[in-house]
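Participant: Have a look at the structure that comes next, please.
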Amino acid sequence: MPESARKSLVILIYLALALSTIVVFWQVRNFSFINFDDNFYVYENPHVLNGLTADAVYWAFTTNLSAHWHPLTWLSLMLDCQLFGPSPGWMHLVNVFLHLVNTLLLFAVLKKMTGALWPSAFVAAAFALHPMHVESVAWIAERKDVLSTFFWLLTLAAWLRCLERPSAFRYSAALAAFAMGLMTKPMLVTLPFVLLLLDYWPLNRFANKNPEHKTGKRSVSFQLLISAGHLTVEKIPFFALSVISSIITFLVMKSGGVVSNINALPYKYRVANVFLSYARYIGKLFRPSNLAVFYPFDAHRFPIWQIALCALLLFTISAVVFRLRKNYGCLPTGWFWFIGTLIPVIGLVQVGSQSYADRYTYIPYIGLFIMIAWSLPQLLAKLLSAKPQRKIVLAVLMLTALTALGISAYKQTMYWNNSSTLFSHTLEVTNNNFIAHNCLGQDLYKQGKLVLAAEHFNKALQIKPNYANAIINLGCVSTNRGDLKQAIDYFQKALQMEPDNSVTMNNLAWIFATCPDPNYRNSSEAIRLAQRACRATGFADPGILDTLAAAFASAGRFDEAVITAQKALNLVNKNNKQIFGAIKSHLDLYKASKPLIEPVKVENSIIN
């Protein structure tokens with residue numbers, strides 16, 4: 001193909017990738033926030049809502065919220081609020097833009113490494129359109145996925161340039177991109193191992209990889225060992241960054257109370273879940289149906305023979321891949337890319353109640369796409385002798401697969417329109433999903449559908465009796481029904497289960513401070529709980545500071561109430577007129593030496 005025609009074809013592929021991605025995901029511009037993680041990532045996080053301030057930047061680098069250290073993710077969300085305000089539509093579109101850039105970057109990097117145009121295009125298209133990637137794009141809280149992958153691919157691009165013309169500057173550029181990726185999502189710690197896989201194929205940097213080499217077997221093995229050692233040494237700074245990131249992540253998880261719960265789940269179930277999860281991810285690559293935002297942990301429900309079959313599948317594929325490595329170099333690289341990049345989230349260290357998650361495949365699936373894109377043409381070449389016939393068959397297969405993926409991804413994206421749609425669908429395709437019941441109940445509660453909300457909270461408790469979040473929403477429902485005694489009982493029970501839950505403390509303090517019935521008012525307890533909640537949130541949550549101000553006023557300490565309410569007001573984004581106006585009216589009362597007494601309505605937001 002003439003060079004000018006090839007350049008035109010490359011431009012057309014870029015345009016096709018961009019257009020198909022936009023067609024699938026443009027709909028998210030009208031989507032809402034989801035009441036699952038979006039709350040503490042954005043719409044109830046004053047640090048994020050106030051944009052890029054000095055205090056917010058400091059907070060981003062020091063907080064352990066979400067039990068991970070990803071300051072660049074926080075900064076990107078703050079920048080969104082700085083530019084567009086707290087608009088979910090714009091934040092969704094930023095995610096789409098990053099996903100689009102990742103798709104184009106992936107095509108460029110693979111094309112650069114392999115020189116193969118169509119396999120690179122297929123991998124990029126499958127990455128863009130696979131339904132398992134919808135969660136990473138359509139969920140604002142998963143900004144860390146699309147942003148960290150951008151830095152992952154940027155690292156690969158910079159590394160390739162460094163290999164072409166080695167220099168300290170180019171090496172430093174690759175290292176800097178990797179460091180920024182780790183500050184976006186620590187899952188990227190596996191990237192140095194992927195660089196070694198790419199050295200094997202397609203870069204062919206291992207010595208004597210050529211099967212035609214005539215040296216003795218022992219000599220070849222020895223030289224391969226020396227080569228592997230050299231290639232590892234040149235990546236020591238990358239491995240060092242991975243180690244540092246892992247240590248930081250462990251410390252942040254420990255300070256966030258996650259590490260202490262690691263042994264809560266028996267090790268045998270975690271190991272079983274590893275094999276089940278890998279098998280599920282492989283299955284959903286080819287049949288991406290019944291996708292959900294949350295899959296409850298269920299490894300303990302499977303018979304041992306099914307777990308054994310899943311383990312056998314993994315070991316069999318690994319053995320086949322190893323055996324075919326000389327003629328199909330893409331197989332070991334793609335397979336161990338998939339296996340390796342999933343290790344940080346595969347569940348040996350169980351964080352959260354999920355068994356697996358669609359979002360975890362955002363980078364790992366690239367490995368499986370590589371296996372398919374490069375091995376299938378080789379396989380067809382053995383089955384079909386006529387080259388034109390092979391091209392037609394291959395084109396039909398690829399186009400059919402990509403069209404099916406695109407249609408399925410478009411439909412899957414629609415479920416992310418709002419919380420009710422998302423969690424109603426989740427309940428349809430999963431079993432024993434207490435998280436989905438709770439989140440759907442929260443959304444119904446905010447719509448004023450208290451009876452339906454209570455039904456879902458109770459169903460969540462039937463599945464998981466010690467689930468504090470469901471007990472807290474039941475408390476909110478009881479409060480808004482006027483049954484304060486039951487509400488207080490619910491909140492106190494939840495507080496016994498989670499003594500440091502700032503939401504529960506805030507709700508109780510609000511009742512004790514502002515309740516019109518003197519039988520339930522308790523100023524001293526309101527102050528104590530509100531102060532604890534403020535300390536737990538670093539005195540940075542305007543809603544909790546507003547509660548503390550009301551507690552001070554209830555006790556007749558109006559000077560302290562005025563000071564505290566003013567602090568709360570200073571933290572509120574003025575674009576949020578409802579909250580700003582409410583706190584301002586409370587402040588006016590305290591200035592007039594009047595307590596806040598009103599029908600009780602508490603906040604039901606929960607950090608899941």
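Chain labels A, B, ... are given in the sequence in which chains occur in the structure tokens; within each chain residues are numbered consecutively from 1, and ligands are likewise numbered from 1 in the order shown.
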Write out as a tab-separated table (two decimals) with N, CA and C atoms, in the first residue's frame the residues lying within 10 Å of His586 in chain A, counting only C-alpha atoms and excluding same-chain residues fewer than 5 positions away.
Facilitator:
```tsv
chain	number	residue	atom	x	y	z
A	546	ASP	N	-23.40	22.86	60.29
A	546	ASP	CA	-24.73	23.46	60.50
A	546	ASP	C	-25.45	22.79	61.67
A	549	ALA	N	-23.88	24.00	64.88
A	549	ALA	CA	-24.37	25.35	65.20
A	549	ALA	C	-25.76	25.28	65.83
A	550	ALA	N	-26.62	24.41	65.27
A	550	ALA	CA	-27.97	24.26	65.83
A	550	ALA	C	-27.91	23.69	67.24
A	553	ALA	N	-26.94	26.49	69.58
A	553	ALA	CA	-28.08	27.38	69.78
A	553	ALA	C	-29.12	26.76	70.70
A	561	ALA	N	-22.76	29.42	68.22
A	561	ALA	CA	-23.63	29.02	67.11
A	561	ALA	C	-23.40	29.91	65.90
A	562	VAL	N	-23.25	31.21	66.13
A	562	VAL	CA	-23.02	32.16	65.03
A	562	VAL	C	-21.68	31.87	64.35
A	565	ALA	N	-21.97	28.52	62.41
A	565	ALA	CA	-22.81	28.64	61.21
A	565	ALA	C	-22.11	29.43	60.12
A	566	GLN	N	-21.32	30.44	60.53
A	566	GLN	CA	-20.59	31.22	59.54
A	566	GLN	C	-19.52	30.37	58.86
A	581	GLY	N	-28.90	29.08	51.23
A	581	GLY	CA	-30.02	29.84	51.79
A	581	GLY	C	-30.48	29.28	53.13
A	591	LYS	N	-28.13	34.91	65.31
A	591	LYS	CA	-27.76	36.30	65.56
A	591	LYS	C	-28.83	37.00	66.38
A	594	LYS	N	-32.00	33.18	68.82
A	594	LYS	CA	-33.13	32.25	68.76
A	594	LYS	C	-32.62	30.87	68.33
A	595	PRO	N	-33.07	29.79	69.00
A	595	PRO	CA	-32.68	28.44	68.58
A	595	PRO	C	-33.44	28.03	67.32
A	596	LEU	N	-32.93	27.01	66.68
A	596	LEU	CA	-33.59	26.47	65.48
A	596	LEU	C	-34.50	25.34	65.90
```
Participant: Residues of range 288-526 of chain A classed as alpha helix (DSSP H) by DSSP on the backbone are to be reported as an NGL selection string.
Facilitator: :A and (304-323 or 330-342 or 364-383 or 387-414 or 419-429 or 434-446 or 450-463 or 468-480 or 484-497 or 502-514 or 523-526)
Participant: Write the selection just made, keeping C-alpha atoms, as a compact mmCIF listing (two decimals), in the first residue's frame?
Facilitator:
```
# COMPACT_ATOMS: atom_id res chain seq x y z
CA ILE A 304 -15.97 -27.30 45.02
CA TRP A 305 -16.16 -29.01 41.63
CA GLN A 306 -17.20 -25.78 39.90
CA ILE A 307 -14.33 -23.89 41.50
CA ALA A 308 -11.97 -26.69 40.45
CA LEU A 309 -13.21 -26.43 36.85
CA CYS A 310 -12.51 -22.68 36.86
CA ALA A 311 -8.99 -23.32 38.17
CA LEU A 312 -8.47 -26.04 35.55
CA LEU A 313 -9.56 -23.59 32.83
CA LEU A 314 -6.93 -21.06 33.88
CA PHE A 315 -4.11 -23.59 34.12
CA THR A 316 -5.08 -25.18 30.79
CA ILE A 317 -5.07 -21.85 28.95
CA SER A 318 -1.73 -20.96 30.56
CA ALA A 319 -0.23 -24.29 29.45
CA VAL A 320 -1.52 -23.92 25.88
CA VAL A 321 -0.27 -20.34 25.68
CA PHE A 322 3.18 -21.41 26.87
CA ARG A 323 3.32 -24.28 24.38
CA CYS A 330 0.95 -12.53 21.08
CA LEU A 331 -0.58 -15.24 23.26
CA PRO A 332 1.73 -15.14 26.31
CA THR A 333 1.87 -11.35 26.23
CA GLY A 334 -1.90 -10.99 25.99
CA TRP A 335 -2.72 -13.75 28.46
CA PHE A 336 -0.31 -12.67 31.19
CA TRP A 337 -1.29 -9.03 30.62
CA PHE A 338 -4.84 -10.10 31.49
CA ILE A 339 -3.83 -12.31 34.43
CA GLY A 340 -1.26 -9.91 35.84
CA THR A 341 -3.10 -6.60 35.66
CA LEU A 342 -6.06 -8.09 37.52
CA PRO A 364 -6.88 -6.16 31.66
CA TYR A 365 -9.19 -6.85 28.71
CA ILE A 366 -6.66 -5.21 26.40
CA GLY A 367 -4.57 -8.35 26.84
CA LEU A 368 -7.39 -10.65 25.72
CA PHE A 369 -8.20 -8.35 22.78
CA ILE A 370 -4.54 -8.61 21.71
CA MET A 371 -4.71 -12.41 21.82
CA ILE A 372 -7.76 -12.43 19.55
CA ALA A 373 -6.61 -9.72 17.13
CA TRP A 374 -3.22 -11.26 16.34
CA SER A 375 -3.85 -15.00 16.68
CA LEU A 376 -7.10 -15.20 14.70
CA PRO A 377 -5.52 -14.13 11.36
CA GLN A 378 -2.75 -16.71 11.88
CA LEU A 379 -5.34 -19.39 12.60
CA LEU A 380 -7.39 -18.49 9.52
CA ALA A 381 -4.24 -18.60 7.42
CA LYS A 382 -3.93 -22.29 8.30
CA LEU A 383 -7.61 -23.01 7.64
CA LYS A 387 -5.75 -14.82 0.91
CA PRO A 388 -8.77 -12.83 -0.41
CA GLN A 389 -11.10 -15.36 1.17
CA ARG A 390 -9.30 -15.01 4.51
CA LYS A 391 -9.61 -11.24 4.40
CA ILE A 392 -13.34 -11.40 3.72
CA VAL A 393 -13.98 -13.91 6.52
CA LEU A 394 -11.85 -11.93 8.95
CA ALA A 395 -13.53 -8.63 8.05
CA VAL A 396 -17.01 -10.13 8.47
CA LEU A 397 -16.13 -11.67 11.83
CA MET A 398 -14.59 -8.48 13.20
CA LEU A 399 -17.33 -6.17 11.97
CA THR A 400 -20.05 -8.46 13.28
CA ALA A 401 -18.38 -8.69 16.68
CA LEU A 402 -17.79 -4.94 16.96
CA THR A 403 -21.33 -4.11 15.86
CA ALA A 404 -22.76 -6.47 18.45
CA LEU A 405 -20.51 -4.97 21.13
CA GLY A 406 -21.50 -1.42 20.17
CA ILE A 407 -25.23 -2.16 20.32
CA SER A 408 -24.88 -3.95 23.63
CA ALA A 409 -22.74 -1.13 25.08
CA TYR A 410 -25.30 1.48 24.00
CA LYS A 411 -28.07 -0.42 25.78
CA GLN A 412 -25.94 -0.99 28.87
CA THR A 413 -25.10 2.71 29.04
CA MET A 414 -28.80 3.57 29.20
CA SER A 419 -30.05 5.64 40.43
CA SER A 420 -33.53 4.14 40.13
CA THR A 421 -32.90 2.79 36.63
CA LEU A 422 -29.45 1.48 37.50
CA PHE A 423 -30.35 -0.33 40.70
CA SER A 424 -33.69 -1.64 39.47
CA HIS A 425 -31.77 -3.28 36.62
CA THR A 426 -29.13 -4.55 39.06
CA LEU A 427 -31.82 -6.26 41.13
CA GLU A 428 -33.17 -7.91 37.98
CA VAL A 429 -29.85 -9.51 37.04
CA PHE A 434 -28.28 -5.78 49.63
CA ILE A 435 -26.32 -2.84 48.16
CA ALA A 436 -28.77 -2.47 45.27
CA HIS A 437 -31.78 -2.64 47.60
CA ASN A 438 -30.23 0.00 49.85
CA CYS A 439 -29.32 2.39 47.01
CA LEU A 440 -32.73 1.99 45.36
CA GLY A 441 -34.32 2.64 48.75
CA GLN A 442 -32.28 5.83 49.13
CA ASP A 443 -33.43 7.08 45.74
CA LEU A 444 -37.08 6.29 46.53
CA TYR A 445 -36.69 8.05 49.87
CA LYS A 446 -35.48 11.22 48.15
CA LEU A 450 -41.28 6.32 51.98
CA VAL A 451 -43.25 3.05 51.96
CA LEU A 452 -41.39 1.68 48.94
CA ALA A 453 -38.08 2.92 50.35
CA ALA A 454 -38.70 1.13 53.65
CA GLU A 455 -39.48 -2.10 51.77
CA HIS A 456 -36.09 -2.05 50.06
CA PHE A 457 -34.23 -1.17 53.28
CA ASN A 458 -35.91 -4.10 55.01
CA LYS A 459 -35.02 -6.41 52.12
CA ALA A 460 -31.41 -5.29 52.44
CA LEU A 461 -31.51 -6.20 56.14
CA GLN A 462 -33.06 -9.59 55.40
CA ILE A 463 -30.02 -10.34 53.22
CA ALA A 468 -25.75 -0.40 59.17
CA ASN A 469 -26.55 1.69 56.09
CA ALA A 470 -30.01 0.13 55.74
CA ILE A 471 -30.68 0.66 59.44
CA ILE A 472 -29.70 4.37 59.04
CA ASN A 473 -32.20 4.85 56.10
CA LEU A 474 -34.95 3.14 58.02
CA GLY A 475 -34.09 5.74 60.70
CA CYS A 476 -34.57 8.49 58.14
CA VAL A 477 -37.90 7.03 57.04
CA SER A 478 -39.13 6.83 60.64
CA THR A 479 -38.05 10.43 61.22
CA ASN A 480 -39.96 11.73 58.26
CA LEU A 484 -38.97 9.88 66.45
CA LYS A 485 -38.67 7.18 69.09
CA GLN A 486 -38.20 4.49 66.47
CA ALA A 487 -35.88 6.75 64.48
CA ILE A 488 -33.64 7.33 67.48
CA ASP A 489 -33.61 3.59 68.17
CA TYR A 490 -32.51 2.90 64.59
CA PHE A 491 -29.76 5.53 64.66
CA GLN A 492 -28.44 4.40 68.04
CA LYS A 493 -28.39 0.79 66.85
CA ALA A 494 -26.48 1.83 63.73
CA LEU A 495 -24.06 3.86 65.84
CA GLN A 496 -23.34 0.81 67.99
CA MET A 497 -22.43 -1.08 64.83
CA SER A 502 -20.48 10.70 60.81
CA VAL A 503 -23.83 10.50 59.03
CA THR A 504 -25.45 8.64 61.92
CA MET A 505 -23.97 11.01 64.50
CA ASN A 506 -25.15 13.98 62.49
CA ASN A 507 -28.70 12.63 62.16
CA LEU A 508 -29.00 11.96 65.88
CA ALA A 509 -27.51 15.33 66.77
CA TRP A 510 -29.98 17.09 64.47
CA ILE A 511 -32.94 15.42 66.15
CA PHE A 512 -31.64 16.21 69.64
CA ALA A 513 -30.92 19.84 68.68
CA THR A 514 -33.94 20.91 66.63
CA SER A 523 -28.66 19.80 73.80
CA SER A 524 -25.59 18.37 75.50
CA GLU A 525 -25.83 15.06 73.60
CA ALA A 526 -26.44 16.98 70.36
```
Participant: Of the candidates A:Thr564, A:Asn466, A:Ser172, A:Asn30, which one gets nearest to Ser87 in chain A if we count only C-alpha atoms?
Facilitator: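 Closest to Ser87 in chain A, using only C-alpha atoms: A:Asn30.
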Participant: Counting only C-alpha atoms, figure out which residue out of A:Thr21, A:Leu65, A:Leu569, A:Ala60 gets nearest to Ala128 in chain A.
Facilitator: A:Thr21
Participant: For Gly51 in chain A, which residue out of A:Leu105, A:Leu571, A:Met187, A:Leu100 is the nearest one, using only C-alpha atoms?
Facilitator: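 That would be A:Leu571, the residue with the smallest distance to Gly51 in chain A.
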Participant: How far is it from CA of Leu285 in chain A to CA of Ser242 in chain A, in Å with one decimal?
Facilitator: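 A separation of 28.1 Å between them.
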Participant: Using only C-alpha atoms, which residues sit within 7 Å of range 145-158 of chain A once same-chain residues fewer than 3 positions away are excluded, as a PDB file with N, CA and C atoms, in the first residue's frame?
Facilitator:
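Result file around_19.pdb:
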```
ATOM      1  N   ASN A  95     -15.514  12.222  31.298  1.00  0.00           N
ATOM      2  CA  ASN A  95     -15.200  10.787  31.284  1.00  0.00           C
ATOM      3  C   ASN A  95     -15.200  10.237  29.863  1.00  0.00           C
ATOM      4  N   LEU A  98     -12.089  11.376  28.000  1.00  0.00           N
ATOM      5  CA  LEU A  98     -10.906  10.609  28.401  1.00  0.00           C
ATOM      6  C   LEU A  98     -10.932   9.202  27.801  1.00  0.00           C
ATOM      7  N   HIS A  99     -12.116   8.589  27.772  1.00  0.00           N
ATOM      8  CA  HIS A  99     -12.242   7.257  27.167  1.00  0.00           C
ATOM      9  C   HIS A  99     -11.920   7.315  25.678  1.00  0.00           C
ATOM     10  N   ASN A 102      -8.204   7.675  25.288  1.00  0.00           N
ATOM     11  CA  ASN A 102      -7.575   6.379  25.571  1.00  0.00           C
ATOM     12  C   ASN A 102      -7.680   5.445  24.371  1.00  0.00           C
ATOM     13  N   LEU A 105      -5.264   6.654  21.707  1.00  0.00           N
ATOM     14  CA  LEU A 105      -3.894   6.400  22.169  1.00  0.00           C
ATOM     15  C   LEU A 105      -3.542   4.917  22.065  1.00  0.00           C
ATOM     16  N   LEU A 106      -4.494   4.064  22.441  1.00  0.00           N
ATOM     17  CA  LEU A 106      -4.255   2.620  22.379  1.00  0.00           C
ATOM     18  C   LEU A 106      -3.975   2.187  20.947  1.00  0.00           C
ATOM     19  N   VAL A 109      -0.430   3.457  20.002  1.00  0.00           N
ATOM     20  CA  VAL A 109       0.650   2.718  20.665  1.00  0.00           C
ATOM     21  C   VAL A 109       0.815   1.336  20.057  1.00  0.00           C
ATOM     22  N   SER A 136     -16.873   2.002  33.671  1.00  0.00           N
ATOM     23  CA  SER A 136     -15.755   2.922  33.856  1.00  0.00           C
ATOM     24  C   SER A 136     -16.014   4.275  33.227  1.00  0.00           C
ATOM     25  N   VAL A 137     -16.824   4.306  32.185  1.00  0.00           N
ATOM     26  CA  VAL A 137     -17.070   5.554  31.457  1.00  0.00           C
ATOM     27  C   VAL A 137     -18.306   6.281  31.985  1.00  0.00           C
ATOM     28  N   GLU A 142     -15.927   6.675  38.786  1.00  0.00           N
ATOM     29  CA  GLU A 142     -14.857   5.894  38.178  1.00  0.00           C
ATOM     30  C   GLU A 142     -13.973   6.730  37.263  1.00  0.00           C
ATOM     31  N   ARG A 161       9.122   5.880  22.674  1.00  0.00           N
ATOM     32  CA  ARG A 161       9.985   6.947  22.161  1.00  0.00           C
ATOM     33  C   ARG A 161      11.379   6.845  22.775  1.00  0.00           C
ATOM     34  N   CYS A 162      11.421   6.472  24.049  1.00  0.00           N
ATOM     35  CA  CYS A 162      12.711   6.310  24.725  1.00  0.00           C
ATOM     36  C   CYS A 162      13.499   5.148  24.123  1.00  0.00           C
ATOM     37  N   ARG A 170      13.718  11.432  27.941  1.00  0.00           N
ATOM     38  CA  ARG A 170      12.605  10.573  27.520  1.00  0.00           C
ATOM     39  C   ARG A 170      12.307   9.499  28.570  1.00  0.00           C
ATOM     40  N   ALA A 173      10.427  11.216  31.249  1.00  0.00           N
ATOM     41  CA  ALA A 173       9.048  11.501  30.833  1.00  0.00           C
ATOM     42  C   ALA A 173       8.163  10.279  31.040  1.00  0.00           C
ATOM     43  N   ALA A 174       8.673   9.101  30.687  1.00  0.00           N
ATOM     44  CA  ALA A 174       7.908   7.870  30.890  1.00  0.00           C
ATOM     45  C   ALA A 174       7.688   7.616  32.373  1.00  0.00           C
ATOM     46  N   ALA A 177       5.054  10.049  33.757  1.00  0.00           N
ATOM     47  CA  ALA A 177       3.695   9.654  33.377  1.00  0.00           C
ATOM     48  C   ALA A 177       3.203   8.498  34.235  1.00  0.00           C
ATOM     49  N   PHE A 178       4.102   7.552  34.521  1.00  0.00           N
ATOM     50  CA  PHE A 178       3.742   6.418  35.375  1.00  0.00           C
ATOM     51  C   PHE A 178       3.423   6.881  36.793  1.00  0.00           C
ATOM     52  N   MET A 180       2.280   9.754  37.717  1.00  0.00           N
ATOM     53  CA  MET A 180       0.979  10.424  37.722  1.00  0.00           C
ATOM     54  C   MET A 180      -0.158   9.411  37.637  1.00  0.00           C
ATOM     55  N   GLY A 181       0.092   8.345  36.898  1.00  0.00           N
ATOM     56  CA  GLY A 181      -0.914   7.292  36.842  1.00  0.00           C
ATOM     57  C   GLY A 181      -1.148   6.648  38.192  1.00  0.00           C
ATOM     58  N   THR A 184      -3.329   8.446  40.393  1.00  0.00           N
ATOM     59  CA  THR A 184      -4.712   8.469  39.927  1.00  0.00           C
ATOM     60  C   THR A 184      -5.445   7.199  40.320  1.00  0.00           C
ATOM     61  N   LYS A 185      -4.741   6.064  40.244  1.00  0.00           N
ATOM     62  CA  LYS A 185      -5.301   4.792  40.700  1.00  0.00           C
ATOM     63  C   LYS A 185      -4.158   3.814  40.925  1.00  0.00           C
TER      64      LYS A 185
END
```
Participant: Show which residues sit within 12 Å of Phe297 in chain A, as a list in words. Count only C-alpha atoms, and ignore same-chain residues fewer than 3 positions away.
Facilitator: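 Counting only C-alpha atoms, the residues come to Leu265, Tyr269, Arg270, Ala272, Asn273, Val274, Leu276, Ser277, Phe294, His300, Arg301, Phe302, Gly347, Gln350, Val351, Gly352, Ser353, Gln354, Ser355, Tyr356, Ala357, Thr430, Asn431, Asn432, Asn433, Phe434, Ile435 and Lys464 of chain A.
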Participant: Have a look at CA of Phe31 in chain A and CA of Gly89 in chain A and let me know their distance in Å, one decimal.
Facilitator: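 Separating CA of Phe31 in chain A from CA of Gly89 in chain A is a distance of 6.1 Å.
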